[in-house]
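Take a look at the structure below.
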Amino acid sequence: MTTRNAPLTGGWRPSPLMVRILSAFVILAMVIGLVLVGIYGVYALVLLLGGLALYEFNALSDKMGSRAPAWLLFPLGVFFAFSGTALKQVDVTLVLALALVGGLGAFLFLPGQRQGLSRWAMGLAGALYIGMPFNFYLLLYTSKPNGLVWTLFTIFAVVASDASALLVGSRIGRHPFFATISPRKTVEGAIAGVVGAVIVMVIGVSMVLGINPLHAIALG
């Protein structure tokens, strides 16, 4: 009687947590590289990350029942992202007026007229939600002095917050935090995220830039 060893279907495989952490480091390296290139590298980074965020929001809005129109969401989101820098000469009031009149008017001729108002509102909300934070990052980067340092430590704080929340929440998280919005979020993870961001800002803003530590804690 002979026996056969079961074939090895695979060796070591990284856990989803490790994959996410490694991916974060790769993305962080790419972000830092483009930031150090200069303003055009930062513009390219904003277009890349902003486009991905708008695409994800578009899919999310579809699941919520009011899909944001891509022809409104993407151009308006890009405009808001660059409204304080590359497109600062363009009047924001004019763009909002065109988005209001043109956006709502377009639904008179497009399918799904009954959902026109909700879809328009979702598109405008998504453009503001995604575009304006990128606008603030660009304004921070171009500020004088130390705009680059401020931007890098802000990015580090965001990464540290996300990584800390993920590690602590997945290991010792027991108490749900806004379970109706995100079932996997925990109070322990949220606290760890805040602590991680504060530590980075204290090190960066307080020690490197010489800002009052209390101000650094508040920024974190």
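How things are named: the first chain in the structure tokens is A, the next is B, and so on; residues count from 1 in each chain; ligands count from 1 in the order shown.
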Might you pull out every residue within 12 Å of Gly38 in chain A, with only C-alpha atoms counted and same-chain residues fewer than 4 positions away left off, and present them as a list in words?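 The filter keeps Val31, Ile32, Gly33, Leu34, Val42, Tyr43, Ala44, Leu45, Leu138, Tyr141, Thr142, Gly147 and Leu148 of chain A.
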How far is it from CA of Leu96 in chain A to CA of Val78 in chain A, in Å with one decimal?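 For CA of Leu96 in chain A relative to CA of Val78 in chain A, the distance reads 13.3 Å.
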Among the residues of range 56-163 of chain A, find those DSSP assigns to alpha helix (DSSP H) from the backbone and print them as a PyMOL selection string. chain A and resi 56-63+70-82+92-106+116-142+147-163
If you count only C-alpha atoms, which residues fall within 10 Å of His215 in chain A, apart from same-chain ones fewer than 2 positions away, as JSON, numbers by chain? {"A": [201, 202, 205, 206, 211, 212, 213, 217, 218, 219, 220]}
Extract, using only C-alpha atoms, all DNA, RNA and protein residues at most 6 Å from range 158-167 of chain A, discarding same-chain residues fewer than 2 positions from it, and format them as a PDB file with N, CA and C atoms, in the first residue's frame.
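Saved result, around_11.pdb, follows:
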```pdb
ATOM      1  N   ILE A 155       1.157  64.341   5.168  1.00  0.00           N
ATOM      2  CA  ILE A 155       0.982  63.024   4.543  1.00  0.00           C
ATOM      3  C   ILE A 155       1.417  61.920   5.499  1.00  0.00           C
ATOM      4  N   PHE A 156       2.559  62.121   6.171  1.00  0.00           N
ATOM      5  CA  PHE A 156       3.029  61.128   7.141  1.00  0.00           C
ATOM      6  C   PHE A 156       1.996  60.913   8.248  1.00  0.00           C
ATOM      7  N   GLY A 169      -6.930  48.286  15.653  1.00  0.00           N
ATOM      8  CA  GLY A 169      -8.316  47.857  15.502  1.00  0.00           C
ATOM      9  C   GLY A 169      -8.450  46.392  15.146  1.00  0.00           C
ATOM     10  N   SER A 170      -7.552  45.893  14.290  1.00  0.00           N
ATOM     11  CA  SER A 170      -7.627  44.488  13.878  1.00  0.00           C
ATOM     12  C   SER A 170      -7.127  43.540  14.960  1.00  0.00           C
ATOM     13  N   GLY A 189      -9.360  51.342  17.504  1.00  0.00           N
ATOM     14  CA  GLY A 189      -8.653  51.742  16.293  1.00  0.00           C
ATOM     15  C   GLY A 189      -8.694  53.238  16.066  1.00  0.00           C
ATOM     16  N   ALA A 190      -9.845  53.852  16.345  1.00  0.00           N
ATOM     17  CA  ALA A 190      -9.971  55.300  16.172  1.00  0.00           C
ATOM     18  C   ALA A 190      -9.031  56.050  17.112  1.00  0.00           C
ATOM     19  N   ALA A 192      -6.248  54.880  18.414  1.00  0.00           N
ATOM     20  CA  ALA A 192      -4.880  54.644  17.942  1.00  0.00           C
ATOM     21  C   ALA A 192      -4.556  55.520  16.739  1.00  0.00           C
ATOM     22  N   GLY A 193      -5.532  55.738  15.865  1.00  0.00           N
ATOM     23  CA  GLY A 193      -5.309  56.602  14.712  1.00  0.00           C
ATOM     24  C   GLY A 193      -5.008  58.029  15.114  1.00  0.00           C
ATOM     25  N   GLY A 196      -1.482  58.121  16.641  1.00  0.00           N
ATOM     26  CA  GLY A 196      -0.450  58.026  15.610  1.00  0.00           C
ATOM     27  C   GLY A 196      -0.233  59.338  14.891  1.00  0.00           C
ATOM     28  N   ALA A 197      -1.325  60.022  14.541  1.00  0.00           N
ATOM     29  CA  ALA A 197      -1.207  61.312  13.861  1.00  0.00           C
ATOM     30  C   ALA A 197      -0.572  62.359  14.767  1.00  0.00           C
TER      31      ALA A 197
END
```
Neighbouring residues of Met122 in chain A were defined as those with any atom within 8 Å, considering only C-alpha atoms; residues of the same chain fewer than 3 positions away were excluded. Please report them as a PDB file with N, CA and C atoms, in the first residue's frame.
```
ATOM      1  N   SER A  61     -21.659  56.057  -5.056  1.00  0.00           N
ATOM      2  CA  SER A  61     -22.937  56.753  -5.215  1.00  0.00           C
ATOM      3  C   SER A  61     -23.952  55.878  -5.940  1.00  0.00           C
ATOM      4  N   SER A  66     -28.209  56.872  -6.105  1.00  0.00           N
ATOM      5  CA  SER A  66     -28.189  58.105  -6.901  1.00  0.00           C
ATOM      6  C   SER A  66     -26.798  58.264  -7.501  1.00  0.00           C
ATOM      7  N   ARG A  67     -26.582  57.632  -8.629  1.00  0.00           N
ATOM      8  CA  ARG A  67     -25.254  57.644  -9.243  1.00  0.00           C
ATOM      9  C   ARG A  67     -24.889  59.052  -9.699  1.00  0.00           C
ATOM     10  N   ALA A  68     -23.756  59.537  -9.223  1.00  0.00           N
ATOM     11  CA  ALA A  68     -23.288  60.861  -9.623  1.00  0.00           C
ATOM     12  C   ALA A  68     -22.923  60.847 -11.103  1.00  0.00           C
ATOM     13  N   SER A 118     -31.391  64.529  -7.401  1.00  0.00           N
ATOM     14  CA  SER A 118     -30.554  63.776  -6.466  1.00  0.00           C
ATOM     15  C   SER A 118     -29.212  63.415  -7.097  1.00  0.00           C
ATOM     16  N   ARG A 119     -29.198  63.085  -8.368  1.00  0.00           N
ATOM     17  CA  ARG A 119     -27.936  62.758  -9.039  1.00  0.00           C
ATOM     18  C   ARG A 119     -27.060  63.999  -9.179  1.00  0.00           C
ATOM     19  N   ALA A 125     -21.758  67.213  -4.549  1.00  0.00           N
ATOM     20  CA  ALA A 125     -21.210  66.854  -3.238  1.00  0.00           C
ATOM     21  C   ALA A 125     -19.910  66.071  -3.386  1.00  0.00           C
ATOM     22  N   GLY A 126     -19.876  65.137  -4.332  1.00  0.00           N
ATOM     23  CA  GLY A 126     -18.661  64.352  -4.539  1.00  0.00           C
ATOM     24  C   GLY A 126     -17.501  65.201  -5.017  1.00  0.00           C
TER      25      GLY A 126
END
```
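Coordinates place CA of Val90 in chain A at a distance of 17.0 Å from CA of Phe134 in chain A.
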Show which residues sit within 12 Å of Ala59 in chain A, as a list in words. Count only C-alpha atoms, and ignore same-chain residues fewer than 3 positions away.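 Contacts, with the query itself left out: Leu52, Ala53, Leu54, Tyr55, Glu56, Asp62, Lys63, Met64, Gly65, Ser66, Arg67, Ala68, Pro69, Ala70, Leu73, Met122, Gly123 and Gly126 of chain A.
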Selected residues written out, N, CA, C and O atoms, as a tab-separated table (two decimals), in the first residue's frame:
```tsv
chain	number	residue	atom	x	y	z
A	52	LEU	N	-8.70	58.61	-9.06
A	52	LEU	CA	-9.07	57.35	-8.41
A	52	LEU	C	-10.15	57.56	-7.35
A	52	LEU	O	-11.09	56.77	-7.23
A	53	ALA	N	-10.02	58.64	-6.58
A	53	ALA	CA	-11.01	58.93	-5.54
A	53	ALA	C	-12.37	59.25	-6.15
A	53	ALA	O	-13.41	58.81	-5.65
A	54	LEU	N	-12.38	60.02	-7.23
A	54	LEU	CA	-13.64	60.35	-7.89
A	54	LEU	C	-14.28	59.10	-8.50
A	54	LEU	O	-15.51	58.94	-8.46
A	55	TYR	N	-13.45	58.23	-9.05
A	55	TYR	CA	-13.97	56.97	-9.61
A	55	TYR	C	-14.61	56.12	-8.51
A	55	TYR	O	-15.70	55.55	-8.71
A	56	GLU	N	-13.95	56.05	-7.37
A	56	GLU	CA	-14.50	55.27	-6.25
A	56	GLU	C	-15.79	55.89	-5.73
A	56	GLU	O	-16.75	55.19	-5.41
A	62	ASP	N	-23.47	55.03	-6.83
A	62	ASP	CA	-24.37	54.11	-7.53
A	62	ASP	C	-24.99	53.12	-6.55
A	62	ASP	O	-26.19	52.80	-6.63
A	63	LYS	N	-24.20	52.64	-5.60
A	63	LYS	CA	-24.72	51.71	-4.59
A	63	LYS	C	-25.71	52.41	-3.66
A	63	LYS	O	-26.58	51.76	-3.08
A	64	MET	N	-25.57	53.73	-3.52
A	64	MET	CA	-26.47	54.48	-2.65
A	64	MET	C	-27.78	54.83	-3.34
A	64	MET	O	-28.69	55.38	-2.72
A	65	GLY	N	-27.88	54.53	-4.63
A	65	GLY	CA	-29.13	54.74	-5.35
A	65	GLY	C	-29.21	56.00	-6.18
A	65	GLY	O	-30.19	56.21	-6.90
A	66	SER	N	-28.21	56.87	-6.10
A	66	SER	CA	-28.19	58.11	-6.90
A	66	SER	C	-26.80	58.26	-7.50
A	66	SER	O	-25.94	58.94	-6.92
A	67	ARG	N	-26.58	57.63	-8.63
A	67	ARG	CA	-25.25	57.64	-9.24
A	67	ARG	C	-24.89	59.05	-9.70
A	67	ARG	O	-25.62	59.68	-10.47
A	68	ALA	N	-23.76	59.54	-9.22
A	68	ALA	CA	-23.29	60.86	-9.62
A	68	ALA	C	-22.92	60.85	-11.10
A	68	ALA	O	-22.19	59.95	-11.54
A	69	PRO	N	-23.42	61.80	-11.89
A	69	PRO	CA	-23.08	61.81	-13.32
A	69	PRO	C	-21.59	62.09	-13.52
A	69	PRO	O	-21.07	63.09	-13.01
A	70	ALA	N	-20.92	61.23	-14.26
A	70	ALA	CA	-19.48	61.37	-14.46
A	70	ALA	C	-19.13	62.67	-15.17
A	70	ALA	O	-18.10	63.28	-14.88
A	73	LEU	N	-19.27	65.12	-12.22
A	73	LEU	CA	-18.41	64.80	-11.08
A	73	LEU	C	-16.93	65.02	-11.38
A	73	LEU	O	-16.22	65.70	-10.62
A	122	MET	N	-25.60	64.70	-5.81
A	122	MET	CA	-24.54	63.74	-5.51
A	122	MET	C	-23.26	64.08	-6.26
A	122	MET	O	-22.15	63.98	-5.72
A	123	GLY	N	-23.39	64.51	-7.50
A	123	GLY	CA	-22.22	64.90	-8.28
A	123	GLY	C	-21.52	66.11	-7.70
A	123	GLY	O	-20.29	66.15	-7.58
A	126	GLY	N	-19.88	65.14	-4.33
A	126	GLY	CA	-18.66	64.35	-4.54
A	126	GLY	C	-17.50	65.20	-5.02
A	126	GLY	O	-16.35	65.01	-4.59
```
From A:Ala127, A:Val19, A:Ala216, A:Leu117, residue lying nearest Val198 in chain A [only C-alpha atoms]: A:Ala216
Distance of CA of Val200 in chain A from CA of Val26 in chain A, expressed in Å to one decimal place: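 These atoms are spaced 19.1 Å apart.
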Could you list, as a list in words, every residue within 12 Å of Asn146 in chain A, counting only C-alpha atoms and ignoring same-chain residues fewer than 5 positions away?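 Once the adjacent positions are removed, what remains is Leu139, Leu140, Tyr141, Thr151, Leu152, Phe153, Gly204, Val205, Val208, Leu209 and Gly210 of chain A.
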Selected residues, N, CA, C and O atoms, written as an mmCIF file, in the first residue's frame, please.
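This is the output file out.cif:
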```cif
data_model
loop_
_atom_site.group_PDB
_atom_site.id
_atom_site.type_symbol
_atom_site.label_atom_id
_atom_site.label_comp_id
_atom_site.auth_asym_id
_atom_site.auth_seq_id
_atom_site.Cartn_x
_atom_site.Cartn_y
_atom_site.Cartn_z
ATOM 1 N N LEU A 139 -2.446 74.170 -1.776
ATOM 2 C CA LEU A 139 -2.188 75.468 -1.150
ATOM 3 C C LEU A 139 -1.132 75.340 -0.055
ATOM 4 O O LEU A 139 -0.278 76.221 0.104
ATOM 5 N N LEU A 140 -1.184 74.246 0.688
ATOM 6 C CA LEU A 140 -0.182 74.013 1.727
ATOM 7 C C LEU A 140 1.195 73.816 1.110
ATOM 8 O O LEU A 140 2.193 74.356 1.600
ATOM 9 N N TYR A 141 1.255 73.058 0.021
ATOM 10 C CA TYR A 141 2.532 72.776 -0.640
ATOM 11 C C TYR A 141 3.166 74.050 -1.195
ATOM 12 O O TYR A 141 4.389 74.226 -1.134
ATOM 13 N N THR A 151 3.679 69.780 3.991
ATOM 14 C CA THR A 151 2.947 68.800 3.189
ATOM 15 C C THR A 151 3.393 67.379 3.498
ATOM 16 O O THR A 151 2.568 66.476 3.669
ATOM 17 N N LEU A 152 4.709 67.172 3.582
ATOM 18 C CA LEU A 152 5.222 65.827 3.844
ATOM 19 C C LEU A 152 4.776 65.317 5.209
ATOM 20 O O LEU A 152 4.341 64.165 5.340
ATOM 21 N N PHE A 153 4.871 66.152 6.222
ATOM 22 C CA PHE A 153 4.479 65.688 7.549
ATOM 23 C C PHE A 153 2.964 65.507 7.663
ATOM 24 O O PHE A 153 2.496 64.666 8.438
ATOM 25 N N GLY A 204 7.302 66.098 13.800
ATOM 26 C CA GLY A 204 7.583 66.904 12.622
ATOM 27 C C GLY A 204 7.440 68.390 12.845
ATOM 28 O O GLY A 204 8.374 69.164 12.604
ATOM 29 N N VAL A 205 6.266 68.790 13.319
ATOM 30 C CA VAL A 205 5.980 70.219 13.433
ATOM 31 C C VAL A 205 6.707 70.843 14.614
ATOM 32 O O VAL A 205 7.241 71.948 14.521
ATOM 33 N N VAL A 208 10.967 69.706 14.207
ATOM 34 C CA VAL A 208 11.615 70.140 12.964
ATOM 35 C C VAL A 208 11.366 71.615 12.688
ATOM 36 O O VAL A 208 12.282 72.369 12.357
ATOM 37 N N LEU A 209 10.106 72.045 12.829
ATOM 38 C CA LEU A 209 9.766 73.429 12.507
ATOM 39 C C LEU A 209 9.761 74.343 13.728
ATOM 40 O O LEU A 209 9.628 75.557 13.585
ATOM 41 N N GLY A 210 9.873 73.766 14.910
ATOM 42 C CA GLY A 210 9.949 74.586 16.110
ATOM 43 C C GLY A 210 8.635 75.192 16.549
ATOM 44 O O GLY A 210 8.620 76.220 17.240
#
```
